[in-house]
file model.txt (compact mmCIF, C-alpha atoms)
# COMPACT_ATOMS: atom_id res chain seq x y z
CA MET A 1 7.49 7.12 16.16
CA THR A 2 6.81 6.04 12.60
CA ILE A 3 4.04 3.59 11.79
CA GLU A 4 3.65 2.52 8.16
CA ARG A 5 0.29 1.12 7.08
CA ILE A 6 0.03 -0.71 3.75
CA ASP A 7 -3.14 -1.72 1.90
CA SER A 8 -5.45 0.00 4.34
CA ALA A 9 -9.19 -0.29 3.93
CA GLY A 10 -12.13 0.86 6.00
CA ARG A 11 -11.52 -1.33 9.01
CA ALA A 12 -7.96 -2.64 8.82
CA SER A 13 -4.57 -2.55 7.15
CA ALA A 14 -3.17 -5.67 5.52
CA ILE A 15 0.31 -4.74 6.78
CA VAL A 16 1.50 -2.51 9.61
CA ILE A 17 5.22 -1.89 10.12
CA HIS A 18 6.55 -0.37 13.32
CA ASN A 19 10.00 -0.36 14.86
CA GLY A 20 11.34 -3.10 12.58
CA THR A 21 8.37 -5.41 13.14
CA VAL A 22 5.80 -6.38 10.48
CA TYR A 23 2.25 -7.22 11.53
CA LEU A 24 -0.06 -8.91 9.04
CA SER A 25 -3.80 -9.03 9.34
CA GLY A 26 -5.38 -12.46 9.15
CA ARG A 27 -5.23 -14.09 5.73
CA VAL A 28 -7.65 -16.62 4.29
CA ALA A 29 -7.69 -18.77 1.15
CA GLU A 30 -8.53 -17.45 -2.30
CA ASP A 31 -10.98 -20.34 -2.80
CA PRO A 32 -13.06 -20.95 0.34
CA GLU A 33 -14.60 -24.02 -1.29
CA ALA A 34 -11.26 -25.89 -1.34
CA ASP A 35 -10.31 -28.54 1.22
CA ILE A 36 -8.28 -27.71 4.33
CA GLN A 37 -4.92 -28.48 2.75
CA GLU A 38 -5.54 -26.35 -0.32
CA GLN A 39 -6.97 -23.54 1.82
CA THR A 40 -3.84 -23.70 3.99
CA ARG A 41 -1.53 -23.63 0.92
CA SER A 42 -3.44 -20.69 -0.53
CA THR A 43 -3.45 -18.83 2.78
CA LEU A 44 0.29 -19.29 3.24
CA ALA A 45 0.90 -18.11 -0.33
CA ARG A 46 -1.04 -14.94 0.53
CA VAL A 47 1.05 -14.55 3.70
CA ASP A 48 4.20 -14.88 1.57
CA GLU A 49 2.92 -12.17 -0.81
CA LEU A 50 2.33 -9.71 2.04
CA LEU A 51 5.64 -10.49 3.70
CA ASN A 52 7.41 -9.82 0.39
CA LYS A 53 5.44 -6.60 -0.07
CA ALA A 54 6.58 -5.50 3.40
CA GLY A 55 10.22 -6.30 2.58
CA THR A 56 10.63 -9.49 4.61
CA ASN A 57 9.97 -13.21 4.24
CA LYS A 58 8.96 -16.36 6.10
CA GLU A 59 12.48 -16.86 7.48
CA HIS A 60 11.81 -13.76 9.61
CA VAL A 61 8.40 -14.77 10.99
CA LEU A 62 8.45 -14.40 14.77
CA SER A 63 5.00 -15.73 15.59
CA ALA A 64 1.93 -17.14 13.90
CA THR A 65 -1.64 -17.57 15.05
CA ILE A 66 -3.67 -20.17 13.17
CA TYR A 67 -7.44 -20.30 13.45
CA LEU A 68 -9.13 -23.54 12.39
CA ARG A 69 -12.86 -24.04 12.00
CA ASP A 70 -12.58 -27.72 13.00
CA ILE A 71 -9.41 -28.39 14.95
CA ALA A 72 -10.25 -32.06 15.62
CA ASN A 73 -10.49 -32.93 11.92
CA HIS A 74 -8.16 -30.38 10.33
CA PHE A 75 -5.19 -29.95 12.69
CA ALA A 76 -3.07 -32.81 11.30
CA LEU A 77 -3.93 -32.02 7.67
CA MET A 78 -3.13 -28.33 8.12
CA ASN A 79 0.16 -29.23 9.83
CA GLU A 80 1.27 -31.29 6.83
CA VAL A 81 1.09 -28.14 4.69
CA TRP A 82 2.50 -25.90 7.45
CA ASN A 83 5.50 -28.21 7.93
CA ASP A 84 6.30 -27.99 4.20
CA TRP A 85 6.03 -24.17 4.29
CA VAL A 86 8.02 -23.34 7.41
CA VAL A 87 11.78 -23.01 6.97
CA ASP A 88 13.82 -25.44 9.05
CA GLY A 89 15.77 -23.51 11.65
CA HIS A 90 13.36 -20.56 11.38
CA GLN A 91 10.23 -21.99 13.00
CA PRO A 92 8.19 -19.22 14.64
CA ALA A 93 6.38 -19.31 17.94
CA ARG A 94 2.89 -20.54 17.09
CA ALA A 95 -0.61 -20.86 18.49
CA CYS A 96 -3.40 -22.84 16.87
CA VAL A 97 -6.98 -22.53 18.07
CA GLU A 98 -10.45 -23.51 16.96
CA ALA A 99 -12.57 -20.53 15.98
CA HIS A 100 -15.86 -19.56 14.42
CA MET A 101 -14.96 -18.15 11.04
CA ALA A 102 -16.35 -15.03 9.36
CA ARG A 103 -17.83 -17.20 6.59
CA PRO A 104 -18.88 -20.84 7.01
CA ALA A 105 -16.79 -22.08 4.04
CA LEU A 106 -13.53 -20.76 5.51
CA LEU A 107 -11.55 -23.51 7.21
CA VAL A 108 -8.35 -21.65 8.19
CA GLU A 109 -7.11 -18.12 8.86
CA ILE A 110 -3.49 -17.26 9.61
CA SER A 111 -1.98 -14.11 11.07
CA VAL A 112 1.76 -13.56 11.48
CA VAL A 113 4.23 -11.14 13.00
CA ALA A 114 7.66 -10.89 11.38
CA ALA A 115 10.91 -9.01 11.78
CA MET A 116 12.41 -6.86 9.05
CA PRO A 117 15.75 -8.26 7.86
CA GLN A 118 18.86 -6.43 9.03
call {"tool": "encode", "arguments": {"input": "model.txt", "output": "structure tokens"}}
result
Amino acid sequence: MTIERIDSAGRASAIVIHNGTVYLSGRVAEDPEADIQEQTRSTLARVDELLNKAGTNKEHVLSATIYLRDIANHFALMNEVWNDWVVDGHQPARACVEAHMARPALLVEISVVAAMPQ
């Protein structure tokens, strides 16, 4: 059984690949002071970067988990950006929950699981 770990640090790997499946650790925005839509755009851009680094892309995302600091006020705004990012016909399974974030300025964190292309 081969497990490939990419960009590993003390407590986690940014990417883990096993048996044709790519697991990304949670990603957050580059600028935590930005509004929810810009944080979502930035976070998804970082997801794209890691997917590319792993050898896959958003068309192969199987599932996504989205954590929002304030689901009541940010769900619709985040979805506007999400809907522009997701590829029609390749929508992943998705969960979206409200969560306490690691830093108060963070409004969104996204983690995805993707398949490697055949």
call {"tool": "residues_around", "arguments": {"input": "model.txt", "residues": "range 92-108 of chain A", "least_positions_apart": "6", "cutoff": "9 Å", "atoms": "only C-alpha atoms", "output": "mmCIF file with C-alpha atoms, in the frame of the given file"}}
result
data_model
loop_
_atom_site.group_PDB
_atom_site.id
_atom_site.type_symbol
_atom_site.label_atom_id
_atom_site.label_comp_id
_atom_site.auth_asym_id
_atom_site.auth_seq_id
_atom_site.Cartn_x
_atom_site.Cartn_y
_atom_site.Cartn_z
ATOM 1 C CA ARG A 27 -5.230 -14.090 5.730
ATOM 2 C CA VAL A 28 -7.650 -16.620 4.290
ATOM 3 C CA ALA A 29 -7.690 -18.770 1.150
ATOM 4 C CA ASP A 31 -10.980 -20.340 -2.800
ATOM 5 C CA PRO A 32 -13.060 -20.950 0.340
ATOM 6 C CA GLU A 33 -14.600 -24.020 -1.290
ATOM 7 C CA ALA A 34 -11.260 -25.890 -1.340
ATOM 8 C CA ASP A 35 -10.310 -28.540 1.220
ATOM 9 C CA ILE A 36 -8.280 -27.710 4.330
ATOM 10 C CA GLN A 39 -6.970 -23.540 1.820
ATOM 11 C CA THR A 40 -3.840 -23.700 3.990
ATOM 12 C CA THR A 43 -3.450 -18.830 2.780
ATOM 13 C CA GLU A 59 12.480 -16.860 7.480
ATOM 14 C CA HIS A 60 11.810 -13.760 9.610
ATOM 15 C CA VAL A 61 8.400 -14.770 10.990
ATOM 16 C CA LEU A 62 8.450 -14.400 14.770
ATOM 17 C CA SER A 63 5.000 -15.730 15.590
ATOM 18 C CA ALA A 64 1.930 -17.140 13.900
ATOM 19 C CA THR A 65 -1.640 -17.570 15.050
ATOM 20 C CA ILE A 66 -3.670 -20.170 13.170
ATOM 21 C CA TYR A 67 -7.440 -20.300 13.450
ATOM 22 C CA LEU A 68 -9.130 -23.540 12.390
ATOM 23 C CA ARG A 69 -12.860 -24.040 12.000
ATOM 24 C CA ASP A 70 -12.580 -27.720 13.000
ATOM 25 C CA ILE A 71 -9.410 -28.390 14.950
ATOM 26 C CA ALA A 72 -10.250 -32.060 15.620
ATOM 27 C CA HIS A 74 -8.160 -30.380 10.330
ATOM 28 C CA PHE A 75 -5.190 -29.950 12.690
ATOM 29 C CA MET A 78 -3.130 -28.330 8.120
ATOM 30 C CA VAL A 86 8.020 -23.340 7.410
ATOM 31 C CA ALA A 114 7.660 -10.890 11.380
#
call {"tool": "closest_residue", "arguments": {"input": "model.txt", "among": "A:Thr21, A:Ile3, A:Glu38, A:Ile15", "to": "Glu80 in chain A", "atoms": "all atoms listed in the file"}}
result
A:Glu38
call {"tool": "atom_distance", "arguments": {"input": "model.txt", "atom1": "CA of Gly89 in chain A", "atom2": "CA of Ala115 in chain A"}}
result
15.3 Å
call {"tool": "closest_residue", "arguments": {"input": "model.txt", "among": "A:Ala12, A:Met116, A:Val81, A:Asn19", "to": "Ala45 in chain A", "atoms": "only C-alpha atoms"}}
result
A:Val81
call {"tool": "atom_distance", "arguments": {"input": "model.txt", "atom1": "CA of Gln91 in chain A", "atom2": "CA of Asn79 in chain A"}}
result
12.8 Å
call {"tool": "closest_residue", "arguments": {"input": "model.txt", "among": "A:Met1, A:Ala14, A:Ile110, A:Ala9", "to": "Lys53 in chain A", "atoms": "only C-alpha atoms"}}
result
A:Ala14
call {"tool": "axis_aligned_box", "arguments": {"input": "model.txt", "around": "range 8-16 of chain A", "padding_each_side": "5 Å", "output": "JSON"}}
result
{"center_x": -5.3, "center_y": -2.4, "center_z": 6.8, "size_x": 23.6, "size_y": 16.5, "size_z": 15.7}
call {"tool": "atom_distance", "arguments": {"input": "model.txt", "atom1": "CA of Gly26 in chain A", "atom2": "CA of Asn57 in chain A"}}
result
16.1 Å
